[in-house]
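K.L.:
So that we are looking at the same thing, I have put the structure below in structure tokens.
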Amino acid sequence: MSGSFAQRHIGLDAAAQRTMLDALGYADVEALLTTAVPASIHVQPRPTSDIPPAATEAETLAQLRVLASQNHAARPMIGLGYYDTFTPSVITRNVLENPSWYTAYTPYQPEISQGRLEALINFQTMVTDLTGLTTANASMLDESTAVVEGMLVARRASKSRSNVFVMDADTLPQTKAVIGHRAEALGIELRYADLAHADDVGAVIGEDIFGAFVQYPGASGHIWDPSDVVTAVHAQGGVVVAAADLLALTLLRSPGSFGADVAVGTTQRFGVPMGFGGPHAGYMAVRAGLERQLPGRLVGVSKDAAGQPAYRLSLQTREQHIRREKATSNICTAQVLLAVMASMYAVYHGPAGLREIASEVAQKAEALAERLRSYGLALVSDSFFDTIRVVTPGPASRVIARARSKGYQLYEADEATVAVSVDETTTADDLAAVAWAFGLPESEELQLSFAESNAIAGVPVELNRVEEFLTHPVFNTHHSETAMMRYLKVLADRDYALDRGMIPLGSCTMKLNAATEMAAVSWPEFSRVHPFAPEADVRGYLVMIEQLERWLAEVTGYDAVSLQPNAGSQGELAGLLAIRGYHHANGETERTVCLIPSSAHGTNAASAVLAGMKVVVVACDEAGNVDLDDLRAKISAHAELLSALMITYPSTHGVYEHDVLEITQAVHDAGGQVYVDGANLNALLGYARFGDLGGDVSHLNLHKTFAIPHGGGGPGVGPVAAKAHLAPYLPGHEMQQREDHAGGVFSGGAVAGAPHGSASILPISWAYMRMMGAEGLRDATAAAVLSANYIASRLRDYYPVLYTGEGGLVAHECILDLRPLKESTGITVDDVAKRLVDYGFHSPTMSFPVAGTLMVEPTESEDLGEIDRFIEAMIAIKAEADRVAAGEWPANDNPLVNAPHTAQSVVGDEWAHPYSREIAVYPVPTLVRNKYWVPVRRIDQAHGDRNLVCSCPPIEAFA
Ligand SMILES: *Cc1c(COP(=O)(O)O)cnc(C)c1O
């Protein structure tokens with residue numbers, strides 16, 4: 001059976017399963033699952049399935065090649081925020097295709113994440129330098145959603161209580177669509193104005209606004225000076241948000257320099273392939289004073305226990321879990337891997353290199369413009385960076401068609417205007433071909449010779465950049481490929497990812513991301529594709545998307561799936577907005593209450609608020625289940641106002657709630673809709689379906705259940721799946737290539753800039769399902785549940801398992817209660833998590849959903865050897881804690897409170913601890929040959945964020 005991928009993916013062979021089942025006292029996995037999954041929701045394998053039988057890895061690669069060949073590798077010059085780019089091969093090979101980077105988790109455990117935290121602080125520094133603002137976060141989901149978040153920052157920070165936000169008429173069309181949908185749900189009125197051409201800016205902006213948005217350069221390519229807009233908006237106490245192109249900013253004055261309060265945008269063209277729309281890292285930077293309003297994650301420099309500088313995430317990063325419905329944003333999974341790539345592009349090229357790339361882009365655009373002008377064609381604006389809009393001699397469609405005949409994709413701005421965007425890959429031949437498309441003679445070649453210039457022709461001198469940027473040594477050191485390769489290796493080696501050992505993070509499903517699944521991501525037929533390319537050029541993608549949607553619908557029991565949301569949080573939002581759309585269509589606009597169990601993930605409450613709903617918390621009972629009496633009471637208290645219940649299944653407590661059908665029925669009886677959070681689908685796939693539980697809509701996390709790697713905190717894909725009655729309200733997109741989606745036409749508003757969201761990583765999940773087949777997917781669930789129960793049963797005597805369901809069993813994860821340990825020994829959940837690093841493990845999820853606990857999720861991919869190694873480490877740690885309790889080691893000086901131990905901490909003549917150096921770093925003998933050396937001691941999380949430096953610290957700090 002060496003050809004079966006499922007056997008490679010699932011870590012447990014038959015002998016291992018036998019051992020584990022014997023430990024649990026079950027005859028076979030079916031018996032275990034039959035007991036664990038409540039009979040009322042248990043489905044039998046389907047006799048017929050849309051999911052084809054499992055293919056081998058070789059067959060799957062061949063099929064991916066066929067799909068790739070159906071994507072036309074055209075030359076996209078459409079622009080609109082997406083540009084072709086050369087990813088330096090050293091970055092492709094050592095980041096994008098390197099599991100040390102792509103299989104890492106979000107850096108919540110800073111000691112084992114110093115490499116990616118440094119890459120992210122480089123990213124933040126790159127963004128603050130180029131935008132001229134003080135603080136940038138570590139990534140946003142894309143430009144369009146970043147504009148929405150910018151608007152929300154403005155609303156929170158503005159002195160005005162107005163609900164009007166002024167939008168630049170020259171905004172990217174996809175951003176207009178996304179912000180329109182989002183603003184409507186929040187009661188924000190958008191007022192569009194032609195800010196670039198206003199004689200009297202004050203009059204155009206109007207009275208009583210809380211902020212304004214400018215696109216810089218505009219979607220049309222036009223560059224203008226927004227200073228007057230800033231003055232006018234500030235005069236009203238409003239906040240200015242500017243979307244700026246980072247490459248253009250190497251030559252243009254920064255948004256900060258003309259007074260913008262917030263800058264947003266995308267970093268895609270910094271070496272991240274277009275990928276048919278994503279994933280890419282969006283960015284946001286704010287001026288001093290707005291740091292607390294910044295959504296998403298923020299990396300800063302703190303200190304470790306030895307007083308050395310060390311990176312960590314700011315505490316506000318965790319705010320969703322703490323502030324829930326009061327959180328500033330629902331973003332959880334972001335775009336770390338892509339932010340790392342973009343930051344490394346800046347590290348590799350440095351300020352001079354970036355300026356040169358930008359200058360050549362500007363000169364290529366100018367050369368094309370000059371040629372067209374010389375033939376009497378008129379440009380809409382003569383002040384531009386990389387995009388020109390040309391008034392066509394005849395119908396615009398003719399120019400588009402001529403360009404297409406030569407393999408070029410241009411953008412039809414209207415019937416008589418065509419836009420062309422130039423990028424770093426554009427050649428003289430490309431420009432000559434485009435000129436021909438506009439009717440210029442074919443024979444004429446276009447010679448390009450680049451002058452060294454920091455100015456853009458046609459742009460007023462006041463807008464030329466004089467500010468320096470990227471002066472930090474990190475951007476001025478790693479410019480040879482050798483240096484770059486080594487820098488990437490040094491950073492990767494500081495981190496713990498799945499390529500070192502298991503990451504048993506409850507709720508996160510850190511399973512194998514197989515190499516075959518990853519293969520197609522970097523193929524040009526998938527990566528160099530523009531999201532607004534014509535249908536005929538992206539057929540391979542569309543076939544894959546349609547199949548993946550159908551397969552996901554089948555396994556979840558829904559009728560329609562949209563792959564647009566680019567994280568689980570966005571799927572939640574899309575699903576809740578669909579519920580809202582449905583109630584509104586039925587005339588039930590007063591239905592705004594969203595019931596959320598107290599155990600829910602923080603994104604649930606934050607998403608509900610962003611969907612314009614009011615959160616009402618439902619209590620959980622002592623067994624960890626939704627308290628049915630409280631649920632009924634809350635339903636009747638809100639009766640006609642009830643919009644939805646959001647419930648996670650199996651629950652975030654890691655158990656299959658027995659009463660789920662009663663719960664969903666009660667909501668339906670009251671006229672509400674049921675949202676099932678699908679993050680825990682790994683416990684259910686093949687055994688039960690959300691649609692059959694009474695769910696009306698769910699999101700899935702393809703970066704959990706369906707093998708997309710976590711990327712160190714993103715990318716993700718959060719498809720939203722719904723029953724037919726909600727399908728019309730699922731996210732659509734004006735610029736999508738397909739009219740008909742599987743199971744219904746989506747006409748809800750867009751929730752991401754690109755029609756298919758993070759399309760270029762969909763081949764991963766497609767390949768996963770293709771290679772597993774329906775049967776393999778079911779086997780994976782069984783193995784995941786078996787592993788979790790094996791761990792629960794073996795550790796139960798050392799750490800109580802907090803919640804269990806039928807037969808004393810858990811689902812795919814288990815919560816170990818460390819509060820009794822704290823009580824008896826003083827050792828905290830933090831101490832155990834950090835001590836696990838000494839044993840060569842990534843900690844399980846800490847204190848979610850219950851404070852003082854660890855939530856362990858082994859997934860199906862780990863083998864018994866690794867699982868036993870984890871169990872033994874946990875048992876050994878318990879024994880260490882017992883020695884503290886026995887007084888053998890003082891409470892303030894023992895291997896637990898001092899963990900983790902660096903190599904440096906155990907060298908030197910002095911060793912003043914009551915335990916040996918061996919116990920410190922080699923507590924079990926297998927570590928001698930396989931040691932992960934943590935680069936820093938425990939990082940201080942106790943002190944607040946006030947003194948965090950959030951850009952690259954001076955090199956001397958690390959001396
Ligand atoms: C991971 C998770 C989410 C959020 O998904 P993201 O992709 O991180 O936005 C929501 N709910 C639960 C239960 C989760 O575990």
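If you're wondering about the labels, chains in the structure tokens are A, B, ... by order shown, residues count from 1 in each chain, ligands from 1 in order shown.
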Assign secondary structure with DSSP using the backbone only, and return the residues of region 587-836 of chain A in alpha helix (DSSP H) as a VMD selection string.

P.N.:
chain A and resid 602 to 610 628 to 638 660 to 669 762 to 795 819 to 825 829 to 836

K.L.:
Within 8 Å of ligand 1 (counting only C-alpha atoms and all ligand atoms), which residues show up? I'd like them as a PyMOL selection string.

P.N.:
chain A and resi 330-334+506-508+566-572+600-604+648+651-652+677-680+701+703-704+714+716-718

K.L.:
Write the residues of the preceding selection, restricted to C-alpha atoms, as a PDB file, in the first residue's frame.

P.N.:
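Contents of the output file selection22.pdb:
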```pdb
ATOM      1  CA  ASN A 330     -12.091  40.141  14.546  1.00  0.00           C
ATOM      2  CA  ILE A 331      -8.801  39.312  12.794  1.00  0.00           C
ATOM      3  CA  CYS A 332      -7.175  36.182  14.189  1.00  0.00           C
ATOM      4  CA  THR A 333      -5.298  34.291  11.478  1.00  0.00           C
ATOM      5  CA  ALA A 334      -3.563  36.985   9.418  1.00  0.00           C
ATOM      6  CA  GLY A 506      -6.068  22.675  20.710  1.00  0.00           C
ATOM      7  CA  SER A 507      -8.489  24.375  18.327  1.00  0.00           C
ATOM      8  CA  CYS A 508      -5.718  24.933  15.766  1.00  0.00           C
ATOM      9  CA  ASN A 566      -9.478  34.648   3.691  1.00  0.00           C
ATOM     10  CA  ALA A 567      -9.597  33.498   7.314  1.00  0.00           C
ATOM     11  CA  GLY A 568     -12.029  31.842   9.678  1.00  0.00           C
ATOM     12  CA  SER A 569     -12.910  35.195  11.166  1.00  0.00           C
ATOM     13  CA  GLN A 570     -13.908  36.470   7.725  1.00  0.00           C
ATOM     14  CA  GLY A 571     -15.993  33.372   7.136  1.00  0.00           C
ATOM     15  CA  GLU A 572     -17.788  34.095  10.403  1.00  0.00           C
ATOM     16  CA  ALA A 600     -16.867  30.583  22.317  1.00  0.00           C
ATOM     17  CA  HIS A 601     -13.752  31.657  20.499  1.00  0.00           C
ATOM     18  CA  GLY A 602     -13.198  35.410  20.778  1.00  0.00           C
ATOM     19  CA  THR A 603     -13.634  35.951  17.051  1.00  0.00           C
ATOM     20  CA  ASN A 604     -17.303  34.922  17.318  1.00  0.00           C
ATOM     21  CA  THR A 648     -18.991  25.584  17.964  1.00  0.00           C
ATOM     22  CA  SER A 651     -17.569  22.552  21.492  1.00  0.00           C
ATOM     23  CA  THR A 652     -14.432  24.506  22.264  1.00  0.00           C
ATOM     24  CA  ASP A 677     -18.350  27.507  13.931  1.00  0.00           C
ATOM     25  CA  GLY A 678     -16.522  24.830  11.956  1.00  0.00           C
ATOM     26  CA  ALA A 679     -13.023  25.210  13.362  1.00  0.00           C
ATOM     27  CA  ASN A 680     -13.360  21.813  15.044  1.00  0.00           C
ATOM     28  CA  ASN A 701     -10.796  26.653   8.385  1.00  0.00           C
ATOM     29  CA  HIS A 703      -5.743  26.011   7.365  1.00  0.00           C
ATOM     30  CA  LYS A 704      -6.847  23.696  10.145  1.00  0.00           C
ATOM     31  CA  GLY A 714      -1.507  32.940   8.211  1.00  0.00           C
ATOM     32  CA  GLY A 716      -5.758  30.994   5.899  1.00  0.00           C
ATOM     33  CA  VAL A 717      -8.910  30.277   3.993  1.00  0.00           C
ATOM     34  CA  GLY A 718     -12.237  30.418   5.816  1.00  0.00           C
TER      35      GLY A 718
END
```

K.L.:
What does the structure give for the distance between CA of Ala104 (chain A) and CA of Phe841 (chain A), in Å to one decimal?

P.N.:
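Between CA of Ala104 (chain A) and CA of Phe841 (chain A) the gap is 12.6 Å.
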
K.L.:
Please provide the set of residues having any atom within 8 Å of Pro531 (chain A), restricted to only C-alpha atoms, with same-chain residues fewer than 5 positions apart removed, written as a ChimeraX atom specification.

P.N.:
/A:82,274-277,754-756

K.L.:
Give me, as a list in words, all polymer residues having an atom no more than 10 Å from Gly394 (chain A), counting only C-alpha atoms and skipping those fewer than 2 positions away in the same chain.

P.N.:
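The residues satisfying every condition are Val391, Thr392, Ala396, Ser397, Arg398, Val399, Glu415, Ala416, Thr417, Phe438 and Gly439 of chain A.
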
K.L.:
With N, CA, C and O atoms retained, write the just-selected residues as a compact mmCIF listing (two decimals), in the first residue's frame.

P.N.:
```
# COMPACT_ATOMS: atom_id res chain seq x y z
N VAL A 391 -7.32 57.23 -23.38
CA VAL A 391 -8.56 57.37 -24.13
C VAL A 391 -8.35 56.66 -25.46
O VAL A 391 -7.42 56.98 -26.20
N THR A 392 -9.17 55.65 -25.72
CA THR A 392 -8.92 54.81 -26.89
C THR A 392 -9.48 55.45 -28.15
O THR A 392 -10.50 56.14 -28.10
N ALA A 396 -13.00 50.73 -26.37
CA ALA A 396 -11.95 50.19 -25.50
C ALA A 396 -11.82 48.68 -25.68
O ALA A 396 -10.71 48.13 -25.64
N SER A 397 -12.95 48.02 -25.91
CA SER A 397 -12.93 46.56 -26.01
C SER A 397 -12.04 46.08 -27.15
O SER A 397 -11.48 44.99 -27.10
N ARG A 398 -11.90 46.93 -28.16
CA ARG A 398 -11.05 46.52 -29.28
C ARG A 398 -9.58 46.47 -28.86
O ARG A 398 -8.84 45.57 -29.23
N VAL A 399 -9.18 47.47 -28.10
CA VAL A 399 -7.80 47.48 -27.61
C VAL A 399 -7.56 46.28 -26.69
O VAL A 399 -6.55 45.58 -26.78
N GLU A 415 -16.01 52.30 -21.62
CA GLU A 415 -16.11 51.94 -23.04
C GLU A 415 -15.03 52.63 -23.88
O GLU A 415 -14.72 52.18 -24.97
N ALA A 416 -14.50 53.73 -23.35
CA ALA A 416 -13.55 54.47 -24.17
C ALA A 416 -12.22 54.70 -23.46
O ALA A 416 -11.43 55.54 -23.87
N THR A 417 -11.98 53.97 -22.40
CA THR A 417 -10.73 54.14 -21.65
C THR A 417 -10.16 52.79 -21.27
O THR A 417 -10.86 51.94 -20.73
N PHE A 438 -2.94 49.46 -29.00
CA PHE A 438 -3.62 50.76 -29.11
C PHE A 438 -3.62 51.28 -30.55
O PHE A 438 -4.04 52.39 -30.80
N GLY A 439 -3.09 50.50 -31.48
CA GLY A 439 -3.14 50.88 -32.89
C GLY A 439 -1.85 51.46 -33.43
O GLY A 439 -1.80 51.91 -34.57
```
